[in-house]
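A.B. asks: What follows is model02.pdb; its format and atoms are PDB, C-alpha atoms and all ligand atoms.
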```pdb
ATOM      1  CA  MET A   1     -17.273  10.146  12.005
ATOM      2  CA  VAL A   2     -19.074  13.307  13.137
ATOM      3  CA  GLU A   3     -17.015  16.473  12.789
ATOM      4  CA  THR A   4     -17.525  19.235  15.343
ATOM      5  CA  SER A   5     -16.563  22.874  14.969
ATOM      6  CA  ASN A   6     -15.223  23.061  18.544
ATOM      7  CA  ASP A   7     -12.774  20.182  18.150
ATOM      8  CA  PRO A   8      -9.612  21.452  19.899
ATOM      9  CA  LEU A   9      -7.510  19.755  17.250
ATOM     10  CA  ASP A  10      -9.142  21.576  14.352
ATOM     11  CA  GLY A  11      -6.683  23.933  12.741
ATOM     12  CA  LEU A  12      -3.764  21.540  13.010
ATOM     13  CA  PRO A  13      -2.612  19.828   9.844
ATOM     14  CA  ARG A  14      -4.612  16.612   9.506
ATOM     15  CA  ALA A  15      -1.703  14.237   9.791
ATOM     16  CA  GLU A  16      -0.540  15.992  12.942
ATOM     17  CA  GLN A  17      -4.001  15.549  14.434
ATOM     18  CA  ALA A  18      -3.747  11.849  13.746
ATOM     19  CA  ALA A  19      -0.335  11.585  15.355
ATOM     20  CA  ILE A  20      -1.502  13.505  18.427
ATOM     21  CA  GLN A  21      -4.696  11.533  18.847
ATOM     22  CA  LEU A  22      -2.982   8.190  18.507
ATOM     23  CA  PRO A  23      -0.063   8.350  20.951
ATOM     24  CA  GLU A  24      -0.173   4.557  21.111
ATOM     25  CA  SER A  25       0.883   4.357  17.483
ATOM     26  CA  LEU A  26       4.229   2.752  18.354
ATOM     27  CA  VAL A  27       4.656  -0.387  16.273
ATOM     28  CA  ASP A  28       7.687  -2.524  17.068
ATOM     29  CA  GLY A  29       9.288   0.559  18.621
ATOM     30  CA  PHE A  30       8.668   2.638  15.485
ATOM     31  CA  ASP A  31       6.342   5.638  15.713
ATOM     32  CA  VAL A  32       3.946   5.078  12.824
ATOM     33  CA  GLY A  33       1.943   8.206  13.664
ATOM     34  CA  ARG A  34       5.014  10.416  13.362
ATOM     35  CA  ALA A  35       6.171   8.688  10.181
ATOM     36  CA  PHE A  36       2.702   9.102   8.697
ATOM     37  CA  ALA A  37       2.622  12.776   9.684
ATOM     38  CA  ALA A  38       6.093  13.220   8.196
ATOM     39  CA  SER A  39       4.956  11.654   4.925
ATOM     40  CA  VAL A  40       1.599  13.299   4.181
ATOM     41  CA  GLN A  41       3.101  16.713   3.500
ATOM     42  CA  PRO A  42       6.158  15.754   1.405
ATOM     43  CA  THR A  43       3.971  13.570  -0.788
ATOM     44  CA  GLY A  44       1.255  16.230  -1.074
ATOM     45  CA  THR A  45      -1.366  13.597  -0.225
ATOM     46  CA  THR A  46      -4.850  14.959   0.415
ATOM     47  CA  LEU A  47      -6.946  12.897   2.804
ATOM     48  CA  SER A  48     -10.251  13.622   4.495
ATOM     49  CA  ARG A  49     -10.264  13.511   8.270
ATOM     50  CA  GLU A  50     -11.904  10.087   8.211
ATOM     51  CA  GLN A  51      -9.399   8.807   5.667
ATOM     52  CA  VAL A  52      -6.525   9.937   7.890
ATOM     53  CA  PHE A  53      -7.585   7.539  10.632
ATOM     54  CA  LYS A  54      -8.362   4.654   8.300
ATOM     55  CA  ARG A  55      -5.049   5.095   6.489
ATOM     56  CA  LEU A  56      -3.120   5.383   9.715
ATOM     57  CA  LEU A  57      -4.553   2.142  11.093
ATOM     58  CA  LYS A  58      -3.756   0.361   7.843
ATOM     59  CA  ILE A  59      -0.256   1.786   7.725
ATOM     60  CA  GLY A  60       0.292   0.617  11.308
ATOM     61  CA  GLN A  61      -0.659  -2.929  10.303
ATOM     62  CA  LEU A  62       1.508  -2.697   7.195
ATOM     63  CA  VAL A  63       4.529  -1.571   9.211
ATOM     64  CA  LYS A  64       3.998  -4.380  11.707
ATOM     65  CA  LEU A  65       4.102  -6.997   8.943
ATOM     66  CA  LEU A  66       7.009  -5.285   7.188
ATOM     67  CA  ARG A  67       9.172  -4.996  10.296
ATOM     68  CA  GLY A  68       8.437  -8.594  11.253
ATOM     69  CA  ARG A  69       9.838  -9.670   7.910
ATOM     70  CA  ILE A  70      12.805  -7.274   7.738
ATOM     71  CA  ARG A  71      13.991  -8.241  11.208
ATOM     72  CA  HIS A  72      14.362 -11.845  10.034
ATOM     73  CA  LEU A  73      16.651 -10.903   7.151
ATOM     74  CA  GLY A  74      20.409 -11.001   7.566
ATOM     75  CA  VAL A  75      21.764  -7.446   7.760
ATOM     76  CA  ASP A  76      24.044  -8.156   4.806
ATOM     77  CA  LEU A  77      21.007  -8.888   2.576
ATOM     78  CA  THR A  78      19.293  -6.132   0.617
ATOM     79  CA  PRO A  79      15.594  -6.245   1.509
ATOM     80  CA  MET A  80      13.576  -6.774  -1.677
ATOM     81  CA  ILE A  81      10.361  -4.786  -1.284
ATOM     82  CA  ALA A  82       7.753  -3.934  -3.928
ATOM     83  CA  GLU A  83       4.662  -1.776  -3.893
ATOM     84  CA  THR A  84       2.092  -1.799  -6.677
ATOM     85  CA  GLY A  85      -0.153   1.283  -6.440
ATOM     86  CA  VAL A  86       1.975   4.164  -5.210
ATOM     87  CA  TRP A  87      -0.032   7.302  -6.041
ATOM     88  CA  ARG A  88       2.030  10.136  -4.492
ATOM     89  CA  GLY A  89       4.180   7.848  -2.345
ATOM     90  CA  LEU A  90       2.531   8.041   1.087
ATOM     91  CA  SER A  91       2.718   4.361   2.049
ATOM     92  CA  ALA A  92       5.991   4.003   0.117
ATOM     93  CA  ARG A  93       7.576   6.738   2.194
ATOM     94  CA  VAL A  94       6.376   5.212   5.478
ATOM     95  CA  ILE A  95       7.703   1.827   4.307
ATOM     96  CA  ALA A  96      11.079   3.448   3.576
ATOM     97  CA  LEU A  97      11.172   5.206   6.969
ATOM     98  CA  ALA A  98      10.252   1.959   8.746
ATOM     99  CA  VAL A  99      13.042   0.053   6.971
ATOM    100  CA  ALA A 100      15.635   2.790   7.563
ATOM    101  CA  ASP A 101      14.723   2.728  11.256
ATOM    102  CA  VAL A 102      15.978  -0.875  11.549
ATOM    103  CA  ARG A 103      18.656  -0.471   8.868
ATOM    104  CA  PRO A 104      20.452   2.791   9.661
ATOM    105  CA  GLY A 105      22.039   4.247   6.534
ATOM    106  CA  TRP A 106      19.731   2.337   4.147
ATOM    107  CA  THR A 107      18.886   4.580   1.181
ATOM    108  CA  GLY A 108      16.227   2.653  -0.709
ATOM    109  CA  ALA A 109      18.206  -0.199  -2.333
ATOM    110  CA  GLY A 110      15.776  -3.014  -3.176
ATOM    111  CA  LEU A 111      12.652  -0.847  -2.900
ATOM    112  CA  HIS A 112      10.657  -1.024  -6.153
ATOM    113  CA  LEU A 113       7.556   1.096  -6.739
ATOM    114  CA  VAL A 114       5.115   0.348  -9.568
ATOM    115  CA  ASP A 115       2.334   2.621 -10.840
ATOM    116  CA  SER A 116       0.778   3.786 -14.088
ATOM    117  CA  PHE A 117       0.835   7.328 -12.670
ATOM    118  CA  GLU A 118      -2.320   7.691 -14.751
ATOM    119  CA  GLY A 119      -4.737   6.517 -12.072
ATOM    120  CA  LEU A 120      -6.947   3.453 -12.224
ATOM    121  CA  GLY A 121      -7.390   1.655 -15.533
ATOM    122  CA  ALA A 122     -10.714   0.580 -17.034
ATOM    123  CA  PRO A 123     -12.733  -1.370 -14.466
ATOM    124  CA  SER A 124     -13.651  -5.025 -15.004
ATOM    125  CA  THR A 125     -17.086  -6.482 -14.209
ATOM    126  CA  GLU A 126     -15.535  -7.698 -10.930
ATOM    127  CA  ASP A 127     -14.895  -4.081  -9.951
ATOM    128  CA  THR A 128     -18.561  -3.085 -10.069
ATOM    129  CA  VAL A 129     -21.057  -2.910  -7.198
ATOM    130  CA  ASP A 130     -24.830  -2.584  -7.069
ATOM    131  CA  ASP A 131     -25.456   1.135  -6.727
ATOM    132  CA  GLY A 132     -28.733   0.563  -4.866
ATOM    133  CA  THR A 133     -30.955   0.824  -7.922
ATOM    134  CA  GLY A 134     -30.126  -2.614  -9.284
ATOM    135  CA  GLU A 135     -27.559  -1.093 -11.640
ATOM    136  CA  ARG A 136     -23.927  -2.105 -11.307
ATOM    137  CA  ARG A 137     -21.280   0.542 -11.501
ATOM    138  CA  ALA A 138     -17.601   0.971 -10.756
ATOM    139  CA  PHE A 139     -16.445   3.444  -8.158
ATOM    140  CA  SER A 140     -13.632   5.862  -8.829
ATOM    141  CA  HIS A 141     -11.772   8.213  -6.517
ATOM    142  CA  ALA A 142     -12.359  11.960  -6.630
ATOM    143  CA  THR A 143      -8.628  12.594  -7.146
ATOM    144  CA  ASN A 144      -8.242   9.844  -9.750
ATOM    145  CA  PHE A 145      -4.729   9.570  -8.313
ATOM    146  CA  GLU A 146      -3.040  12.421 -10.067
ATOM    147  CA  SER A 147       0.691  11.967  -9.623
ATOM    148  CA  SER A 148       3.950  11.408 -11.474
ATOM    149  CA  PRO A 149       7.251   9.580 -10.978
ATOM    150  CA  ASP A 150       8.831  12.983 -10.174
ATOM    151  CA  VAL A 151       6.385  13.576  -7.322
ATOM    152  CA  VAL A 152       7.332  10.213  -5.819
ATOM    153  CA  ARG A 153      11.052  10.643  -6.457
ATOM    154  CA  SER A 154      10.981  13.975  -4.684
ATOM    155  CA  ALA A 155       8.933  12.575  -1.755
ATOM    156  CA  LEU A 156      11.536   9.818  -1.384
ATOM    157  CA  SER A 157      14.569  12.014  -2.062
ATOM    158  CA  ASP A 158      16.215  10.755   1.146
ATOM    159  CA  PHE A 159      15.991   7.233  -0.341
ATOM    160  CA  PRO A 160      17.604   7.861  -3.750
ATOM    161  CA  GLU A 161      18.248   4.192  -4.549
ATOM    162  CA  THR A 162      14.485   3.547  -4.757
ATOM    163  CA  SER A 163      13.436   2.287  -8.217
ATOM    164  CA  ILE A 164      10.274   3.599  -9.839
ATOM    165  CA  HIS A 165       8.576   1.607 -12.612
ATOM    166  CA  THR A 166       6.058   3.562 -14.620
ATOM    167  CA  GLY A 167       3.442   1.663 -16.587
ATOM    168  CA  TRP A 168       0.368  -0.511 -16.500
ATOM    169  CA  ILE A 169       0.076  -3.731 -14.525
ATOM    170  CA  PRO A 170       0.429  -6.476 -15.661
ATOM    171  CA  GLU A 171       2.763  -5.453 -18.534
ATOM    172  CA  ILE A 172       5.070  -3.288 -16.381
ATOM    173  CA  LEU A 173       5.804  -6.187 -14.022
ATOM    174  CA  ALA A 174       8.235  -7.459 -16.694
ATOM    175  CA  ASP A 175      10.363  -4.401 -15.833
ATOM    176  CA  LEU A 176      11.075  -5.661 -12.298
ATOM    177  CA  PRO A 177      14.389  -7.349 -11.526
ATOM    178  CA  ASP A 178      14.454 -11.149 -11.489
ATOM    179  CA  ARG A 179      14.789 -11.468  -7.709
ATOM    180  CA  LYS A 180      13.127 -13.141  -4.749
ATOM    181  CA  TRP A 181      10.883 -10.707  -2.893
ATOM    182  CA  ASP A 182      10.667 -10.291   0.875
ATOM    183  CA  PHE A 183       7.723  -7.955   1.182
ATOM    184  CA  VAL A 184       5.070  -6.840  -1.309
ATOM    185  CA  HIS A 185       2.318  -4.279  -0.809
ATOM    186  CA  LEU A 186      -0.574  -4.423  -3.294
ATOM    187  CA  ASP A 187      -2.613  -1.205  -3.301
ATOM    188  CA  THR A 188      -4.195  -0.892  -6.728
ATOM    189  CA  ASP A 189      -7.941  -1.174  -5.930
ATOM    190  CA  HIS A 190      -8.876  -3.039  -9.123
ATOM    191  CA  TYR A 191      -9.368  -6.717  -9.987
ATOM    192  CA  ILE A 192      -6.824  -7.147 -12.790
ATOM    193  CA  PRO A 193      -3.812  -5.475 -11.157
ATOM    194  CA  VAL A 194      -4.432  -7.257  -7.823
ATOM    195  CA  ARG A 195      -4.974 -10.637  -9.499
ATOM    196  CA  ASP A 196      -2.011 -10.353 -11.840
ATOM    197  CA  SER A 197       0.359  -8.825  -9.272
ATOM    198  CA  LEU A 198      -0.437 -11.571  -6.777
ATOM    199  CA  ALA A 199       0.125 -14.273  -9.405
ATOM    200  CA  TYR A 200       3.417 -12.638 -10.431
ATOM    201  CA  PHE A 201       4.838 -12.219  -6.937
ATOM    202  CA  LEU A 202       3.666 -15.583  -5.571
ATOM    203  CA  ASP A 203       6.021 -17.253  -8.048
ATOM    204  CA  ARG A 204       8.882 -15.046  -6.899
ATOM    205  CA  MET A 205       8.727 -14.812  -3.109
ATOM    206  CA  ALA A 206      11.597 -15.587  -0.763
ATOM    207  CA  PRO A 207      10.711 -18.171   1.922
ATOM    208  CA  GLY A 208       8.928 -16.300   4.705
ATOM    209  CA  GLY A 209       8.084 -13.425   2.349
ATOM    210  CA  VAL A 210       4.845 -11.533   2.943
ATOM    211  CA  ILE A 211       2.311 -10.109   0.465
ATOM    212  CA  VAL A 212      -0.279  -7.623   1.740
ATOM    213  CA  ASN A 213      -3.469  -6.603  -0.072
ATOM    214  CA  ASP A 214      -4.617  -3.187   1.132
ATOM    215  CA  ASP A 215      -8.107  -3.397  -0.354
ATOM    216  CA  TYR A 216      -9.277  -6.914   0.519
ATOM    217  CA  GLY A 217     -12.173  -5.707   2.687
ATOM    218  CA  SER A 218     -13.170  -2.717   0.583
ATOM    219  CA  ASN A 219     -16.906  -2.326  -0.037
ATOM    220  CA  PHE A 220     -16.194  -0.057  -2.979
ATOM    221  CA  PHE A 221     -13.563  -2.124  -4.766
ATOM    222  CA  PRO A 222     -14.739  -5.760  -4.669
ATOM    223  CA  GLY A 223     -12.377  -6.712  -7.504
ATOM    224  CA  ALA A 224      -9.415  -6.443  -5.126
ATOM    225  CA  ARG A 225     -10.908  -9.256  -3.051
ATOM    226  CA  ILE A 226     -12.109 -11.350  -6.005
ATOM    227  CA  GLY A 227      -8.740 -11.263  -7.796
ATOM    228  CA  TRP A 228      -6.841 -12.063  -4.590
ATOM    229  CA  ASP A 229      -9.122 -14.984  -3.680
ATOM    230  CA  GLU A 230      -8.998 -16.449  -7.200
ATOM    231  CA  VAL A 231      -5.204 -16.657  -7.192
ATOM    232  CA  ARG A 232      -5.045 -17.774  -3.574
ATOM    233  CA  ALA A 233      -7.495 -20.620  -4.267
ATOM    234  CA  ARG A 234      -5.478 -21.704  -7.300
ATOM    235  CA  HIS A 235      -2.359 -21.939  -5.107
ATOM    236  CA  GLY A 236      -4.242 -23.425  -2.122
ATOM    237  CA  LEU A 237      -2.918 -20.685   0.158
ATOM    238  CA  ALA A 238      -4.315 -19.528   3.498
ATOM    239  CA  HIS A 239      -4.261 -15.851   4.427
ATOM    240  CA  GLU A 240      -4.888 -13.613   7.383
ATOM    241  CA  VAL A 241      -7.522 -10.889   7.218
ATOM    242  CA  PHE A 242      -7.132  -7.941   9.581
ATOM    243  CA  GLU A 243      -9.733  -5.652  11.144
ATOM    244  CA  THR A 244      -8.441  -2.900   8.883
ATOM    245  CA  GLY A 245      -9.635  -4.868   5.822
ATOM    246  CA  GLN A 246      -6.104  -5.720   4.725
ATOM    247  CA  ALA A 247      -5.203  -9.331   4.005
ATOM    248  CA  ALA A 248      -1.776 -10.948   4.048
ATOM    249  CA  ILE A 249      -0.202 -14.145   2.776
ATOM    250  CA  THR A 250       3.039 -15.418   4.270
ATOM    251  CA  VAL A 251       4.813 -17.705   1.820
ATOM    252  CA  ASP A 252       6.519 -20.830   3.233
TER     253      ASP A 252
HETATM  254  C1  LIG W 301      -5.094   3.651  -3.766
HETATM  255  S1  LIG W 301      -3.897   4.331  -4.832
HETATM  256  C2  LIG W 301      -2.402   3.947  -4.023
HETATM  257  C3  LIG W 301      -2.243   4.694  -2.713
HETATM  258  C4  LIG W 301      -0.840   4.749  -2.171
HETATM  259  N1  LIG W 301      -0.328   3.424  -1.833
HETATM  260  C5  LIG W 301      -0.778   5.698  -0.987
HETATM  261  O1  LIG W 301      -0.258   5.305   0.076
HETATM  262  O2  LIG W 301      -1.226   6.827  -1.099
HETATM  263  C6  LIG W 301      -3.996   3.257  -6.194
HETATM  264  C7  LIG W 301      -2.898   3.447  -7.233
HETATM  265  O3  LIG W 301      -2.909   2.297  -8.083
HETATM  266  C8  LIG W 301      -2.530   2.694  -9.381
HETATM  267  N2  LIG W 301      -3.052   1.677 -10.307
HETATM  268  C9  LIG W 301      -4.290   1.139 -10.323
HETATM  269  N3  LIG W 301      -4.408   0.227 -11.307
HETATM  270  C10 LIG W 301      -3.191   0.148 -11.907
HETATM  271  C11 LIG W 301      -2.654  -0.650 -12.981
HETATM  272  N4  LIG W 301      -3.402  -1.536 -13.644
HETATM  273  N5  LIG W 301      -1.371  -0.453 -13.333
HETATM  274  C12 LIG W 301      -0.593   0.435 -12.667
HETATM  275  N6  LIG W 301      -1.040   1.213 -11.646
HETATM  276  C13 LIG W 301      -2.320   1.066 -11.264
HETATM  277  C14 LIG W 301      -3.164   4.069  -9.552
HETATM  278  O4  LIG W 301      -2.483   4.841 -10.507
HETATM  279  C15 LIG W 301      -3.057   4.658  -8.135
HETATM  280  O5  LIG W 301      -1.931   5.499  -8.014
END
```
Represent the supplied structure as C-alpha cells.
C.D. replies:
Amino acid sequence: MVETSNDPLDGLPRAEQAAIQLPESLVDGFDVGRAFAASVQPTGTTLSREQVFKRLLKIGQLVKLLRGRIRHLGVDLTPMIAETGVWRGLSARVIALAVADVRPGWTGAGLHLVDSFEGLGAPSTEDTVDDGTGERRAFSHATNFESSPDVVRSALSDFPETSIHTGWIPEILADLPDRKWDFVHLDTDHYIPVRDSLAYFLDRMAPGGVIVNDDYGSNFFPGARIGWDEVRARHGLAHEVFETGQAAITVD
C-alpha cells in the first residue's frame, strides 16, 4: 500500500482510520471495525498501517465464524473458546466483545488464552523459507511479541473470568480444562505449536466446533500451513481457506 502525506485520515489513531474507512465492517450485526478500534489501544498493540487492514479483514472473518458457532449454542451453555497465540490480547479482546454482544452479561467464562509470553520459540526446518539467495532462514517479527499475562489481564479487565495459561505449546496444553471446545483460534505462526495445538483440539471438539488457523496462507511462516495440513491429512479432514489466508475446520 502506498502511503501519501496528504491522506485526510493521517493524524487519526490507526485503528480509528481503519474503522472509518471500513464502514461496511458489520459482521452478523456486530461492528468489527469499532471493536477492533476499541481493542488496539487497551492492548497497546502496535501495527503498521498495512497491518491494520490485514488484521481487520482477518478479525472480521474470525468474528463471522465465531458468531456462527456461538449462536448455535444453548444460552445456558458456557461457550468453550480457546486461543493459542495471544500476544497482547488484540484478537482475544475482539473475540470477547463479539461473544458479549450475543451474550449480554457474559464476563469471560470459558475463554482460555494460551501463550508463552516469551514470543516465538526456536523455529523448525518447516518454518524456514528461501531468502532469495538459496539460503533458508526463519522469519521473526520486529516486536518478537513482547507481552505478559498482566498486559492481557488488564486488556480484558471487563472479562475477569477469562483464564490465561502461560507456557510453551505443546506442554502448556495439559493445563487446559478437560472440556469439549466450541471455538479455537490458532495464531502462533510456527510449525510445532500449530501442529500440536490442532492435534490436541481435534480430539476435544464439541460437534459443530470450529478451529481457525490464522497463518495458513502466510508466505513468511510456512510451518503454520505444513503443521495444519499434516494433522488434517492424518484425520482425513476437509477445511475451508479464506481470501484472508485463514483456514478453518468445522468438526462434525
Ligand atoms: C502472531 S502473535 C499472536 C497475535 C495475537 N493473536 C493478536 O491478535 O495480536 C503469536 C503469539 O504466539 C506465541 N507463541 C508462538 N509459539 C508459541 C509456543 N510454542 N508456545 C506458546 N506461545 C507461542 C507468541 O508468544 C506470540 O505472542
A.B. asks: For Glu118 of chain A, work out the shell of residues within 12 Å, counting only C-alpha atoms and skipping chain neighbours fewer than 6 positions away, then give it as number ranges by chain.
C.D. replies: A: 85-88, 143-149, 166-169, 188
A.B. asks: Find the residues near ligand LIG 301 (chain W). Use a cut-off of 9 Å, count only C-alpha atoms and all ligand atoms, and write them as a ChimeraX atom specification.
C.D. replies: /A:40,43,45,55,59,83-94,114-122,141,144-147,166-172,185-194,214-215
A.B. asks: Could you save the residues just selected, with C-alpha atoms, as a compact mmCIF listing (two decimals), in the frame of the given file?
C.D. replies:
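Below you can see selection-v2.txt, which holds the result:
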```txt
# COMPACT_ATOMS: atom_id res chain seq x y z
CA VAL A 40 1.60 13.30 4.18
CA THR A 43 3.97 13.57 -0.79
CA THR A 45 -1.37 13.60 -0.22
CA ARG A 55 -5.05 5.10 6.49
CA ILE A 59 -0.26 1.79 7.72
CA GLU A 83 4.66 -1.78 -3.89
CA THR A 84 2.09 -1.80 -6.68
CA GLY A 85 -0.15 1.28 -6.44
CA VAL A 86 1.98 4.16 -5.21
CA TRP A 87 -0.03 7.30 -6.04
CA ARG A 88 2.03 10.14 -4.49
CA GLY A 89 4.18 7.85 -2.35
CA LEU A 90 2.53 8.04 1.09
CA SER A 91 2.72 4.36 2.05
CA ALA A 92 5.99 4.00 0.12
CA ARG A 93 7.58 6.74 2.19
CA VAL A 94 6.38 5.21 5.48
CA VAL A 114 5.12 0.35 -9.57
CA ASP A 115 2.33 2.62 -10.84
CA SER A 116 0.78 3.79 -14.09
CA PHE A 117 0.84 7.33 -12.67
CA GLU A 118 -2.32 7.69 -14.75
CA GLY A 119 -4.74 6.52 -12.07
CA LEU A 120 -6.95 3.45 -12.22
CA GLY A 121 -7.39 1.66 -15.53
CA ALA A 122 -10.71 0.58 -17.03
CA HIS A 141 -11.77 8.21 -6.52
CA ASN A 144 -8.24 9.84 -9.75
CA PHE A 145 -4.73 9.57 -8.31
CA GLU A 146 -3.04 12.42 -10.07
CA SER A 147 0.69 11.97 -9.62
CA THR A 166 6.06 3.56 -14.62
CA GLY A 167 3.44 1.66 -16.59
CA TRP A 168 0.37 -0.51 -16.50
CA ILE A 169 0.08 -3.73 -14.52
CA PRO A 170 0.43 -6.48 -15.66
CA GLU A 171 2.76 -5.45 -18.53
CA ILE A 172 5.07 -3.29 -16.38
CA HIS A 185 2.32 -4.28 -0.81
CA LEU A 186 -0.57 -4.42 -3.29
CA ASP A 187 -2.61 -1.20 -3.30
CA THR A 188 -4.20 -0.89 -6.73
CA ASP A 189 -7.94 -1.17 -5.93
CA HIS A 190 -8.88 -3.04 -9.12
CA TYR A 191 -9.37 -6.72 -9.99
CA ILE A 192 -6.82 -7.15 -12.79
CA PRO A 193 -3.81 -5.48 -11.16
CA VAL A 194 -4.43 -7.26 -7.82
CA ASP A 214 -4.62 -3.19 1.13
CA ASP A 215 -8.11 -3.40 -0.35
```
A.B. asks: So what does the PyMOL selection byres (((chain A and resi 222) around 12) and not hetatm) actually pick up in this one, as a PyMOL selection string?
C.D. replies: chain A and resi 123-130+136-139+188-192+194-195+214-221+223-229+245
A.B. asks: Which protein, DNA or RNA residues have an atom at most 12 Å from (8.3, 1.2, 4.0), counting only C-alpha atoms? List them as number ranges by chain.
C.D. replies: A: 30, 32, 35-36, 39, 59-67, 69-70, 79-83, 86, 89-103, 106-113, 156, 159, 162, 183-185
A.B. asks: Suppose you want the space between atom CA of Val212 of chain A and atom CA of Ala37 of chain A; what is it in Å?
C.D. replies: 22.1 Å
A.B. asks: Quick one, how far is atom CA of His72 of chain A from atom CA of Met205 of chain A?
C.D. replies: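 Separation of atom CA of His72 of chain A and atom CA of Met205 of chain A: 14.6 Å.
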A.B. asks: Could you jot down the atom CA of Asp252 of chain A to atom CA of Leu198 of chain A separation for me, Å, one decimal place?
C.D. replies: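 These atoms are spaced 15.3 Å apart.
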A.B. asks: Excluding Arg204 of chain A and residues on its chain fewer than 5 positions from it, collect all residues at most 9 Å away from it, counting only C-alpha atoms, and give them as a list of chain:residue names.
C.D. replies: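 These residues fall inside the cut-off: A:Asp178, A:Arg179, A:Lys180, A:Trp181.
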A.B. asks: Please complete segment 95-108 of chain A so it has N, CA and C atoms, and hand it over as a compact mmCIF listing (two decimals), keeping the file's coordinate frame.
C.D. replies:
```txt
# COMPACT_ATOMS: atom_id res chain seq x y z
N ILE A 95 6.96 3.09 4.41
CA ILE A 95 7.70 1.83 4.31
C ILE A 95 9.21 2.12 4.38
N ALA A 96 9.65 3.11 3.60
CA ALA A 96 11.08 3.45 3.58
C ALA A 96 11.56 3.90 4.96
N LEU A 97 10.78 4.74 5.63
CA LEU A 97 11.17 5.21 6.97
C LEU A 97 11.24 4.03 7.95
N ALA A 98 10.29 3.10 7.82
CA ALA A 98 10.25 1.96 8.75
C ALA A 98 11.43 1.01 8.51
N VAL A 99 11.87 0.89 7.26
CA VAL A 99 13.04 0.05 6.97
C VAL A 99 14.31 0.75 7.47
N ALA A 100 14.43 2.04 7.17
CA ALA A 100 15.64 2.79 7.56
C ALA A 100 15.80 2.80 9.08
N ASP A 101 14.68 2.73 9.79
CA ASP A 101 14.72 2.73 11.26
C ASP A 101 15.40 1.46 11.81
N VAL A 102 15.28 0.34 11.09
CA VAL A 102 15.98 -0.88 11.55
C VAL A 102 17.28 -1.09 10.78
N ARG A 103 17.44 -0.34 9.68
CA ARG A 103 18.66 -0.47 8.87
C ARG A 103 19.28 0.91 8.72
N PRO A 104 19.91 1.44 9.75
CA PRO A 104 20.45 2.79 9.66
C PRO A 104 21.38 2.93 8.45
N GLY A 105 21.19 4.01 7.70
CA GLY A 105 22.04 4.25 6.53
C GLY A 105 21.47 3.67 5.25
N TRP A 106 20.37 2.91 5.35
CA TRP A 106 19.73 2.34 4.15
C TRP A 106 19.13 3.48 3.33
N THR A 107 19.36 3.46 2.01
CA THR A 107 18.89 4.58 1.18
C THR A 107 17.96 4.14 0.04
N GLY A 108 17.25 3.03 0.27
CA GLY A 108 16.23 2.65 -0.71
C GLY A 108 16.60 1.48 -1.60
```
